[in-house]
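Engineer: For reference, this is entry.cif, and it has mmCIF, N, CA and C atoms.
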data_run
#
loop_
_atom_site.label_atom_id
_atom_site.label_comp_id
_atom_site.auth_asym_id
_atom_site.auth_seq_id
_atom_site.Cartn_x
_atom_site.Cartn_y
_atom_site.Cartn_z
N MET A 1 0.68 -29.08 -1.52
CA MET A 1 0.54 -27.67 -1.82
C MET A 1 -0.94 -27.27 -1.74
N THR A 2 -1.16 -26.05 -1.33
CA THR A 2 -2.51 -25.52 -1.33
C THR A 2 -2.89 -25.13 -2.76
N ALA A 3 -4.14 -24.79 -2.96
CA ALA A 3 -4.60 -24.42 -4.31
C ALA A 3 -3.91 -23.13 -4.77
N GLU A 4 -3.69 -22.19 -3.86
CA GLU A 4 -3.02 -20.93 -4.21
C GLU A 4 -1.56 -21.17 -4.59
N GLN A 5 -0.88 -22.02 -3.82
CA GLN A 5 0.51 -22.35 -4.13
C GLN A 5 0.60 -23.10 -5.45
N SER A 6 -0.35 -23.99 -5.68
CA SER A 6 -0.36 -24.74 -6.93
C SER A 6 -0.56 -23.81 -8.14
N ALA A 7 -1.42 -22.81 -7.99
CA ALA A 7 -1.66 -21.86 -9.08
C ALA A 7 -0.39 -21.05 -9.36
N LYS A 8 0.31 -20.63 -8.31
CA LYS A 8 1.58 -19.90 -8.50
C LYS A 8 2.62 -20.79 -9.16
N ALA A 9 2.69 -22.04 -8.72
CA ALA A 9 3.65 -22.98 -9.30
C ALA A 9 3.36 -23.23 -10.77
N ASN A 10 2.08 -23.38 -11.11
CA ASN A 10 1.71 -23.59 -12.51
C ASN A 10 2.07 -22.39 -13.38
N ALA A 11 1.89 -21.18 -12.82
CA ALA A 11 2.28 -19.99 -13.57
C ALA A 11 3.79 -19.96 -13.79
N LEU A 12 4.56 -20.38 -12.77
CA LEU A 12 6.02 -20.45 -12.91
C LEU A 12 6.42 -21.46 -13.98
N ILE A 13 5.74 -22.59 -13.99
CA ILE A 13 6.05 -23.64 -14.98
C ILE A 13 5.82 -23.10 -16.39
N ARG A 14 4.66 -22.48 -16.59
CA ARG A 14 4.34 -21.96 -17.92
C ARG A 14 5.32 -20.88 -18.37
N GLU A 15 5.82 -20.11 -17.40
CA GLU A 15 6.69 -18.98 -17.73
C GLU A 15 8.16 -19.36 -17.84
N LEU A 16 8.66 -20.20 -16.92
CA LEU A 16 10.10 -20.39 -16.80
C LEU A 16 10.63 -21.79 -17.12
N CYS A 17 9.77 -22.79 -17.13
CA CYS A 17 10.27 -24.16 -17.32
C CYS A 17 10.73 -24.37 -18.76
N ALA A 18 11.95 -24.81 -18.90
CA ALA A 18 12.52 -25.03 -20.23
C ALA A 18 11.96 -26.29 -20.89
N ASN A 19 11.40 -27.19 -20.11
CA ASN A 19 10.88 -28.45 -20.64
C ASN A 19 9.38 -28.42 -20.90
N PHE A 20 8.74 -27.28 -20.69
CA PHE A 20 7.30 -27.15 -20.88
C PHE A 20 7.01 -26.71 -22.31
N ASP A 21 6.14 -27.47 -22.99
CA ASP A 21 5.79 -27.15 -24.37
C ASP A 21 4.30 -27.41 -24.58
N ASP A 22 3.49 -26.35 -24.53
CA ASP A 22 2.04 -26.44 -24.74
C ASP A 22 1.38 -27.51 -23.88
N GLY A 23 1.72 -27.54 -22.59
CA GLY A 23 1.10 -28.49 -21.66
C GLY A 23 1.79 -29.83 -21.59
N CYS A 24 2.80 -30.03 -22.40
CA CYS A 24 3.51 -31.31 -22.42
C CYS A 24 4.92 -31.14 -21.87
N CYS A 25 5.46 -32.24 -21.35
CA CYS A 25 6.81 -32.24 -20.80
C CYS A 25 7.77 -32.83 -21.82
N LEU A 26 8.79 -32.08 -22.20
CA LEU A 26 9.75 -32.55 -23.19
C LEU A 26 10.64 -33.65 -22.63
N LEU A 27 10.87 -33.65 -21.30
CA LEU A 27 11.71 -34.70 -20.70
C LEU A 27 11.03 -36.07 -20.76
N LEU A 28 9.73 -36.09 -20.66
CA LEU A 28 8.99 -37.36 -20.65
C LEU A 28 8.50 -37.76 -22.04
N ASP A 29 8.71 -36.91 -23.03
CA ASP A 29 8.25 -37.19 -24.39
C ASP A 29 9.12 -38.28 -25.02
N ASP A 30 8.48 -39.35 -25.48
CA ASP A 30 9.23 -40.44 -26.10
C ASP A 30 9.27 -40.35 -27.62
N GLY A 31 8.66 -39.33 -28.18
CA GLY A 31 8.67 -39.14 -29.62
C GLY A 31 7.41 -39.64 -30.30
N TYR A 32 6.67 -40.52 -29.66
CA TYR A 32 5.45 -41.05 -30.24
C TYR A 32 4.21 -40.36 -29.69
N ASP A 33 4.11 -40.31 -28.38
CA ASP A 33 2.95 -39.74 -27.72
C ASP A 33 3.39 -38.59 -26.83
N PRO A 34 2.78 -37.42 -26.96
CA PRO A 34 3.14 -36.33 -26.05
C PRO A 34 2.65 -36.65 -24.63
N CYS A 35 3.49 -36.41 -23.65
CA CYS A 35 3.15 -36.69 -22.26
C CYS A 35 2.82 -35.38 -21.54
N PRO A 36 1.66 -35.30 -20.90
CA PRO A 36 1.33 -34.05 -20.18
C PRO A 36 2.28 -33.83 -19.02
N CYS A 37 2.50 -32.58 -18.69
CA CYS A 37 3.39 -32.22 -17.59
C CYS A 37 2.79 -32.71 -16.27
N PRO A 38 3.47 -33.61 -15.56
CA PRO A 38 2.90 -34.14 -14.32
C PRO A 38 2.81 -33.10 -13.21
N GLN A 39 3.68 -32.11 -13.24
CA GLN A 39 3.66 -31.09 -12.20
C GLN A 39 2.43 -30.19 -12.32
N LEU A 40 1.95 -30.00 -13.54
CA LEU A 40 0.76 -29.18 -13.75
C LEU A 40 -0.52 -29.84 -13.24
N ILE A 41 -0.56 -31.15 -13.29
CA ILE A 41 -1.80 -31.84 -12.94
C ILE A 41 -1.81 -32.39 -11.52
N SER A 42 -0.76 -32.11 -10.75
CA SER A 42 -0.74 -32.61 -9.37
C SER A 42 -0.51 -31.45 -8.40
N ASN A 43 -0.84 -31.68 -7.14
CA ASN A 43 -0.63 -30.68 -6.10
C ASN A 43 0.56 -31.03 -5.21
N SER A 44 1.44 -31.88 -5.70
CA SER A 44 2.64 -32.22 -4.94
C SER A 44 3.87 -31.99 -5.81
N LEU A 45 5.04 -32.02 -5.19
CA LEU A 45 6.28 -31.81 -5.94
C LEU A 45 6.72 -33.13 -6.56
N LEU A 46 6.51 -33.28 -7.85
CA LEU A 46 6.87 -34.51 -8.54
C LEU A 46 8.12 -34.33 -9.39
N CYS A 47 8.24 -33.21 -10.03
CA CYS A 47 9.29 -32.98 -11.02
C CYS A 47 10.56 -32.46 -10.35
N ARG A 48 11.65 -33.21 -10.50
CA ARG A 48 12.92 -32.78 -9.91
C ARG A 48 13.47 -31.53 -10.60
N TYR A 49 13.23 -31.41 -11.91
CA TYR A 49 13.70 -30.22 -12.62
C TYR A 49 12.98 -28.97 -12.10
N PHE A 50 11.68 -29.08 -11.88
CA PHE A 50 10.92 -27.96 -11.35
C PHE A 50 11.45 -27.57 -9.97
N ARG A 51 11.67 -28.56 -9.12
CA ARG A 51 12.12 -28.31 -7.76
C ARG A 51 13.51 -27.67 -7.72
N SER A 52 14.40 -28.07 -8.61
CA SER A 52 15.77 -27.58 -8.54
C SER A 52 16.04 -26.35 -9.40
N ALA A 53 15.31 -26.17 -10.51
CA ALA A 53 15.63 -25.08 -11.43
C ALA A 53 14.58 -23.98 -11.50
N VAL A 54 13.32 -24.32 -11.40
CA VAL A 54 12.26 -23.33 -11.60
C VAL A 54 11.76 -22.73 -10.28
N LEU A 55 11.51 -23.57 -9.30
CA LEU A 55 10.93 -23.12 -8.03
C LEU A 55 11.81 -22.12 -7.27
N PRO A 56 13.14 -22.26 -7.24
CA PRO A 56 13.94 -21.28 -6.49
C PRO A 56 13.88 -19.85 -7.04
N SER A 57 13.34 -19.65 -8.23
CA SER A 57 13.24 -18.30 -8.77
C SER A 57 12.22 -17.46 -8.01
N ASP A 58 11.26 -18.09 -7.36
CA ASP A 58 10.29 -17.39 -6.50
C ASP A 58 10.58 -17.77 -5.05
N ARG A 59 11.33 -16.92 -4.35
CA ARG A 59 11.81 -17.25 -3.00
C ARG A 59 10.67 -17.48 -2.01
N GLU A 60 9.62 -16.70 -2.08
CA GLU A 60 8.52 -16.84 -1.14
C GLU A 60 7.81 -18.18 -1.33
N LEU A 61 7.50 -18.52 -2.56
CA LEU A 61 6.83 -19.78 -2.84
C LEU A 61 7.74 -20.95 -2.48
N TYR A 62 9.02 -20.82 -2.78
CA TYR A 62 9.99 -21.86 -2.44
C TYR A 62 10.02 -22.08 -0.93
N GLY A 63 10.02 -20.99 -0.17
CA GLY A 63 10.02 -21.10 1.28
C GLY A 63 8.75 -21.72 1.82
N GLU A 64 7.61 -21.40 1.22
CA GLU A 64 6.35 -21.98 1.66
C GLU A 64 6.28 -23.47 1.37
N ILE A 65 6.73 -23.87 0.20
CA ILE A 65 6.59 -25.26 -0.21
C ILE A 65 7.68 -26.15 0.39
N VAL A 66 8.91 -25.75 0.24
CA VAL A 66 10.02 -26.59 0.69
C VAL A 66 10.32 -26.36 2.16
N GLU A 67 9.92 -25.21 2.70
CA GLU A 67 10.11 -24.83 4.10
C GLU A 67 11.57 -24.80 4.53
N GLN A 68 12.43 -24.37 3.64
CA GLN A 68 13.83 -24.20 4.00
C GLN A 68 14.11 -22.79 4.46
N LEU A 69 13.33 -21.85 3.98
CA LEU A 69 13.50 -20.47 4.42
C LEU A 69 12.63 -20.25 5.65
N PRO A 70 13.19 -19.65 6.70
CA PRO A 70 12.37 -19.42 7.89
C PRO A 70 11.27 -18.41 7.59
N ARG A 71 10.16 -18.58 8.25
CA ARG A 71 9.03 -17.66 8.06
C ARG A 71 9.10 -16.59 9.13
N TRP A 72 9.00 -15.35 8.71
CA TRP A 72 8.99 -14.21 9.61
C TRP A 72 7.75 -13.39 9.31
N CYS A 73 7.33 -12.62 10.29
CA CYS A 73 6.15 -11.78 10.12
C CYS A 73 6.53 -10.32 10.29
N CYS A 74 5.84 -9.47 9.57
CA CYS A 74 6.03 -8.03 9.68
C CYS A 74 5.67 -7.59 11.10
N CYS A 75 6.48 -6.73 11.69
CA CYS A 75 6.27 -6.27 13.06
C CYS A 75 5.03 -5.38 13.18
N ILE A 76 4.59 -4.79 12.10
CA ILE A 76 3.46 -3.87 12.15
C ILE A 76 2.15 -4.56 11.76
N CYS A 77 2.10 -5.16 10.58
CA CYS A 77 0.83 -5.72 10.10
C CYS A 77 0.72 -7.23 10.31
N GLY A 78 1.82 -7.92 10.58
CA GLY A 78 1.79 -9.36 10.82
C GLY A 78 1.79 -10.21 9.57
N LYS A 79 1.94 -9.59 8.40
CA LYS A 79 1.98 -10.32 7.13
C LYS A 79 3.29 -11.12 7.05
N PRO A 80 3.26 -12.37 6.57
CA PRO A 80 4.50 -13.14 6.45
C PRO A 80 5.45 -12.51 5.42
N ILE A 81 6.73 -12.45 5.77
CA ILE A 81 7.73 -11.87 4.87
C ILE A 81 8.91 -12.82 4.76
N THR A 82 9.68 -12.67 3.70
CA THR A 82 10.91 -13.40 3.52
C THR A 82 12.05 -12.45 3.84
N ARG A 83 12.84 -12.81 4.83
CA ARG A 83 13.94 -11.94 5.24
C ARG A 83 15.16 -12.20 4.38
N THR A 84 15.70 -11.14 3.82
CA THR A 84 16.91 -11.25 3.01
C THR A 84 18.15 -10.90 3.82
N SER A 85 17.93 -10.30 4.99
CA SER A 85 19.03 -10.01 5.92
C SER A 85 18.46 -9.96 7.33
N ASN A 86 19.33 -9.85 8.31
CA ASN A 86 18.88 -9.81 9.70
C ASN A 86 18.18 -8.51 10.05
N ALA A 87 18.35 -7.48 9.25
CA ALA A 87 17.78 -6.18 9.55
C ALA A 87 16.34 -6.03 9.08
N VAL A 88 15.85 -6.93 8.28
CA VAL A 88 14.50 -6.80 7.73
C VAL A 88 13.47 -7.14 8.80
N LYS A 89 12.60 -6.16 9.12
CA LYS A 89 11.57 -6.37 10.12
C LYS A 89 10.17 -6.12 9.59
N TYR A 90 10.07 -5.45 8.44
CA TYR A 90 8.78 -5.02 7.93
C TYR A 90 8.57 -5.52 6.51
N CYS A 91 7.30 -5.62 6.10
CA CYS A 91 6.99 -5.89 4.69
C CYS A 91 7.29 -4.61 3.91
N LYS A 92 7.24 -4.68 2.59
CA LYS A 92 7.62 -3.53 1.76
C LYS A 92 6.76 -2.31 2.02
N ILE A 93 5.46 -2.51 2.17
CA ILE A 93 4.55 -1.38 2.38
C ILE A 93 4.80 -0.74 3.74
N CYS A 94 4.88 -1.56 4.78
CA CYS A 94 5.11 -1.03 6.13
C CYS A 94 6.51 -0.42 6.25
N ALA A 95 7.49 -0.96 5.53
CA ALA A 95 8.85 -0.41 5.57
C ALA A 95 8.87 1.00 5.02
N ALA A 96 8.13 1.22 3.93
CA ALA A 96 8.07 2.57 3.35
C ALA A 96 7.40 3.54 4.32
N ARG A 97 6.30 3.12 4.94
CA ARG A 97 5.62 3.97 5.92
C ARG A 97 6.51 4.28 7.11
N GLN A 98 7.19 3.25 7.61
CA GLN A 98 8.06 3.42 8.77
C GLN A 98 9.22 4.36 8.43
N ARG A 99 9.79 4.22 7.25
CA ARG A 99 10.90 5.08 6.83
C ARG A 99 10.44 6.54 6.76
N ARG A 100 9.25 6.78 6.19
CA ARG A 100 8.72 8.15 6.14
C ARG A 100 8.50 8.71 7.53
N LYS A 101 7.98 7.89 8.43
CA LYS A 101 7.72 8.33 9.80
C LYS A 101 9.03 8.70 10.51
N LYS A 102 10.05 7.86 10.36
CA LYS A 102 11.36 8.14 10.98
C LYS A 102 12.01 9.38 10.38
N ASP A 103 11.90 9.53 9.06
CA ASP A 103 12.46 10.72 8.40
C ASP A 103 11.79 11.98 8.93
N THR A 104 10.49 11.94 9.09
CA THR A 104 9.74 13.09 9.61
C THR A 104 10.21 13.44 11.02
N GLU A 105 10.35 12.43 11.87
CA GLU A 105 10.80 12.67 13.24
C GLU A 105 12.21 13.26 13.27
N ARG A 106 13.10 12.70 12.46
CA ARG A 106 14.48 13.17 12.42
C ARG A 106 14.56 14.62 11.95
N LYS A 107 13.81 14.94 10.91
CA LYS A 107 13.83 16.31 10.38
C LYS A 107 13.20 17.29 11.36
N ARG A 108 12.15 16.87 12.06
CA ARG A 108 11.51 17.72 13.06
C ARG A 108 12.50 18.03 14.19
N GLU A 109 13.22 17.02 14.65
CA GLU A 109 14.21 17.22 15.71
C GLU A 109 15.34 18.15 15.24
N LYS A 110 15.76 17.98 13.99
CA LYS A 110 16.82 18.82 13.46
C LYS A 110 16.38 20.28 13.38
N ARG A 111 15.14 20.53 12.94
CA ARG A 111 14.62 21.88 12.88
C ARG A 111 14.54 22.50 14.27
N LEU A 112 14.10 21.70 15.24
CA LEU A 112 14.01 22.17 16.62
C LEU A 112 15.39 22.55 17.15
N LEU A 113 16.39 21.74 16.85
CA LEU A 113 17.76 21.99 17.29
C LEU A 113 18.30 23.26 16.66
N VAL A 114 18.00 23.48 15.38
CA VAL A 114 18.46 24.67 14.67
C VAL A 114 17.82 25.91 15.30
N ARG A 115 16.55 25.84 15.63
CA ARG A 115 15.86 26.96 16.24
C ARG A 115 16.44 27.30 17.61
N LYS A 116 16.78 26.29 18.40
CA LYS A 116 17.35 26.50 19.73
C LYS A 116 18.73 27.14 19.65
N THR A 117 19.54 26.69 18.69
CA THR A 117 20.89 27.25 18.57
C THR A 117 20.87 28.65 17.97
N ALA A 118 19.83 28.99 17.22
CA ALA A 118 19.74 30.31 16.60
C ALA A 118 19.39 31.37 17.64
N LEU A 119 18.74 30.97 18.73
CA LEU A 119 18.33 31.95 19.75
C LEU A 119 19.45 32.35 20.61
#
Translate the structure described by the file into structure tokens.
Structural biologist:
Amino acid sequence: MTAEQSAKANALIRELCANFDDGCCLLLDDGYDPCPCPQLISNSLLCRYFRSAVLPSDRELYGEIVEQLPRWCCCICGKPITRTSNAVKYCKICAARQRRKKDTERKREKRLLVRKTAL
């Protein structure tokens, strides 16, 4: 994992992992000595619980790390996106801009058509 991916993964662990307790892993705790979470201190996928239960909650990070989700790029800006269907071609920002542009064109054509039929 890159440093950015590792930072996102660590934030996910702190927020969503059920076995995380103040930097320690409850699964590895033997009752005598607290064991630090191995996933927090490494840049690789060590914890099976993290991989199967926590990581899939962030689809983009999951796709980057596990590489099971295909990578697609926005047709306008080239930013990598996660496609949820075959129709997705743009990132969220470009999709909103494109939708406004298409709405404007459609309404302009409709007004033009109304003007022509009124004459």
Engineer: To one decimal place, how far is CA of Cys24 in chain A from atom C of Gly63 in chain A in Å?
Structural biologist: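 About the pair CA of Cys24 in chain A and atom C of Gly63 in chain A: they are 26.6 Å apart.
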Engineer: Could you tell me, as a PyMOL selection string, exactly which residues end up selected when the PyMOL selection byres ((chain A and resi 48-54) around 8) is applied to this structure?
Structural biologist: chain A and resi 12-13+16-18+39+45-47+55-58
Engineer: Among chain A, which ones does DSSP place in strand (DSSP E or B), written as an NGL selection string?
Structural biologist: :A and (20-21 or 24-25 or 36 or 72-73 or 80-81)
Engineer: So what do you get for CA of Leu28 in chain A versus CA of Asn10 in chain A, distance-wise?
Structural biologist: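 The value is 17.6 Å.
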Engineer: Between A:Thr117, A:Ser44, A:Asn86, A:Asn19, which residue has the minimum interatomic distance to Ile65 in chain A, considering only C-alpha atoms?
Structural biologist: A:Ser44
Engineer: Please return, as a PyMOL selection string, all residues of chain A that DSSP assigns to alpha helix (DSSP H) on the basis of the backbone.
Structural biologist: chain A and resi 3-16+48-49+59-66+92-118
Engineer: What gap, in Å, lies between CA of Cys25 in chain A and CA of Ala11 in chain A?
Structural biologist: 14.9 Å
Engineer: The PyMOL selection byres (((chain A and resi 23 and name CA) around 8) and name CA) on the file shown: which residues, as a ChimeraX atom specification?
Structural biologist: /A:20-22,24-25,36-37,40
Engineer: Draw an axis-aligned box tight on the listed atoms of range 84-103 of chain A, then pad every side by 4 Å and write out centre and edge lengths in Å to one decimal as lines of an AutoDock Vina configuration file.
Structural biologist:
center_x = 11.9
center_y = 0.4
center_z = 6.4
size_x = 22.8
size_y = 31.2
size_z = 17.2
Engineer: Ranking A:Val114, A:Ser42, A:Leu27, A:Ile76 by minimum distance to Arg97 in chain A and counting only C-alpha atoms, which one comes first?
Structural biologist: A:Ile76
Engineer: Evaluate the PyMOL selection byres (((chain A and resi 75 and name CA) around 9) and name CA) on the structure here and hand back the selected residues as a PyMOL selection string.
Structural biologist: chain A and resi 73-74+76-79+89-91+94
Engineer: Where atoms are missing, can you supply N, CA, C and O atoms for range 23-48 of chain A and output the lot as a short mmCIF file (atom, residue, chain, number, x, y, z; two decimals), in the frame of the given file?
Structural biologist:
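That gives us out-v4.cif:
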data_model
loop_
_atom_site.label_atom_id
_atom_site.label_comp_id
_atom_site.auth_asym_id
_atom_site.auth_seq_id
_atom_site.Cartn_x
_atom_site.Cartn_y
_atom_site.Cartn_z
N GLY A 23 1.72 -27.54 -22.59
CA GLY A 23 1.10 -28.49 -21.66
C GLY A 23 1.79 -29.83 -21.59
O GLY A 23 1.40 -30.68 -20.81
N CYS A 24 2.80 -30.03 -22.40
CA CYS A 24 3.51 -31.31 -22.42
C CYS A 24 4.92 -31.14 -21.87
O CYS A 24 5.51 -30.07 -21.93
N CYS A 25 5.46 -32.24 -21.35
CA CYS A 25 6.81 -32.24 -20.80
C CYS A 25 7.77 -32.83 -21.82
O CYS A 25 7.59 -33.98 -22.27
N LEU A 26 8.79 -32.08 -22.20
CA LEU A 26 9.75 -32.55 -23.19
C LEU A 26 10.64 -33.65 -22.63
O LEU A 26 11.12 -34.51 -23.38
N LEU A 27 10.87 -33.65 -21.30
CA LEU A 27 11.71 -34.70 -20.70
C LEU A 27 11.03 -36.07 -20.76
O LEU A 27 11.70 -37.09 -20.89
N LEU A 28 9.73 -36.09 -20.66
CA LEU A 28 8.99 -37.36 -20.65
C LEU A 28 8.50 -37.76 -22.04
O LEU A 28 7.94 -38.85 -22.20
N ASP A 29 8.71 -36.91 -23.03
CA ASP A 29 8.25 -37.19 -24.39
C ASP A 29 9.12 -38.28 -25.02
O ASP A 29 10.34 -38.17 -25.07
N ASP A 30 8.48 -39.35 -25.48
CA ASP A 30 9.23 -40.44 -26.10
C ASP A 30 9.27 -40.35 -27.62
O ASP A 30 9.84 -41.19 -28.29
N GLY A 31 8.66 -39.33 -28.18
CA GLY A 31 8.67 -39.14 -29.62
C GLY A 31 7.41 -39.64 -30.30
O GLY A 31 7.11 -39.25 -31.42
N TYR A 32 6.67 -40.52 -29.66
CA TYR A 32 5.45 -41.05 -30.24
C TYR A 32 4.21 -40.36 -29.69
O TYR A 32 3.36 -39.93 -30.43
N ASP A 33 4.11 -40.31 -28.38
CA ASP A 33 2.95 -39.74 -27.72
C ASP A 33 3.39 -38.59 -26.83
O ASP A 33 4.30 -38.76 -26.00
N PRO A 34 2.78 -37.42 -26.96
CA PRO A 34 3.14 -36.33 -26.05
C PRO A 34 2.65 -36.65 -24.63
O PRO A 34 1.54 -37.15 -24.44
N CYS A 35 3.49 -36.41 -23.65
CA CYS A 35 3.15 -36.69 -22.26
C CYS A 35 2.82 -35.38 -21.54
O CYS A 35 3.62 -34.44 -21.58
N PRO A 36 1.66 -35.30 -20.90
CA PRO A 36 1.33 -34.05 -20.18
C PRO A 36 2.28 -33.83 -19.02
O PRO A 36 2.79 -34.77 -18.42
N CYS A 37 2.50 -32.58 -18.69
CA CYS A 37 3.39 -32.22 -17.59
C CYS A 37 2.79 -32.71 -16.27
O CYS A 37 1.70 -32.29 -15.89
N PRO A 38 3.47 -33.61 -15.56
CA PRO A 38 2.90 -34.14 -14.32
C PRO A 38 2.81 -33.10 -13.21
O PRO A 38 1.95 -33.19 -12.34
N GLN A 39 3.68 -32.11 -13.24
CA GLN A 39 3.66 -31.09 -12.20
C GLN A 39 2.43 -30.19 -12.32
O GLN A 39 1.91 -29.71 -11.34
N LEU A 40 1.95 -30.00 -13.54
CA LEU A 40 0.76 -29.18 -13.75
C LEU A 40 -0.52 -29.84 -13.24
O LEU A 40 -1.43 -29.16 -12.80
N ILE A 41 -0.56 -31.15 -13.29
CA ILE A 41 -1.80 -31.84 -12.94
C ILE A 41 -1.81 -32.39 -11.52
O ILE A 41 -2.75 -33.05 -11.12
N SER A 42 -0.76 -32.11 -10.75
CA SER A 42 -0.74 -32.61 -9.37
C SER A 42 -0.51 -31.45 -8.40
O SER A 42 -0.02 -30.39 -8.78
N ASN A 43 -0.84 -31.68 -7.14
CA ASN A 43 -0.63 -30.68 -6.10
C ASN A 43 0.56 -31.03 -5.21
O ASN A 43 0.64 -30.58 -4.08
N SER A 44 1.44 -31.88 -5.70
CA SER A 44 2.64 -32.22 -4.94
C SER A 44 3.87 -31.99 -5.81
O SER A 44 3.77 -31.79 -7.02
N LEU A 45 5.04 -32.02 -5.19
CA LEU A 45 6.28 -31.81 -5.94
C LEU A 45 6.72 -33.13 -6.56
O LEU A 45 7.22 -34.01 -5.88
N LEU A 46 6.51 -33.28 -7.85
CA LEU A 46 6.87 -34.51 -8.54
C LEU A 46 8.12 -34.33 -9.39
O LEU A 46 8.96 -35.22 -9.45
N CYS A 47 8.24 -33.21 -10.03
CA CYS A 47 9.29 -32.98 -11.02
C CYS A 47 10.56 -32.46 -10.35
O CYS A 47 10.55 -31.41 -9.70
N ARG A 48 11.65 -33.21 -10.50
CA ARG A 48 12.92 -32.78 -9.91
C ARG A 48 13.47 -31.53 -10.60
O ARG A 48 14.08 -30.69 -9.97
#
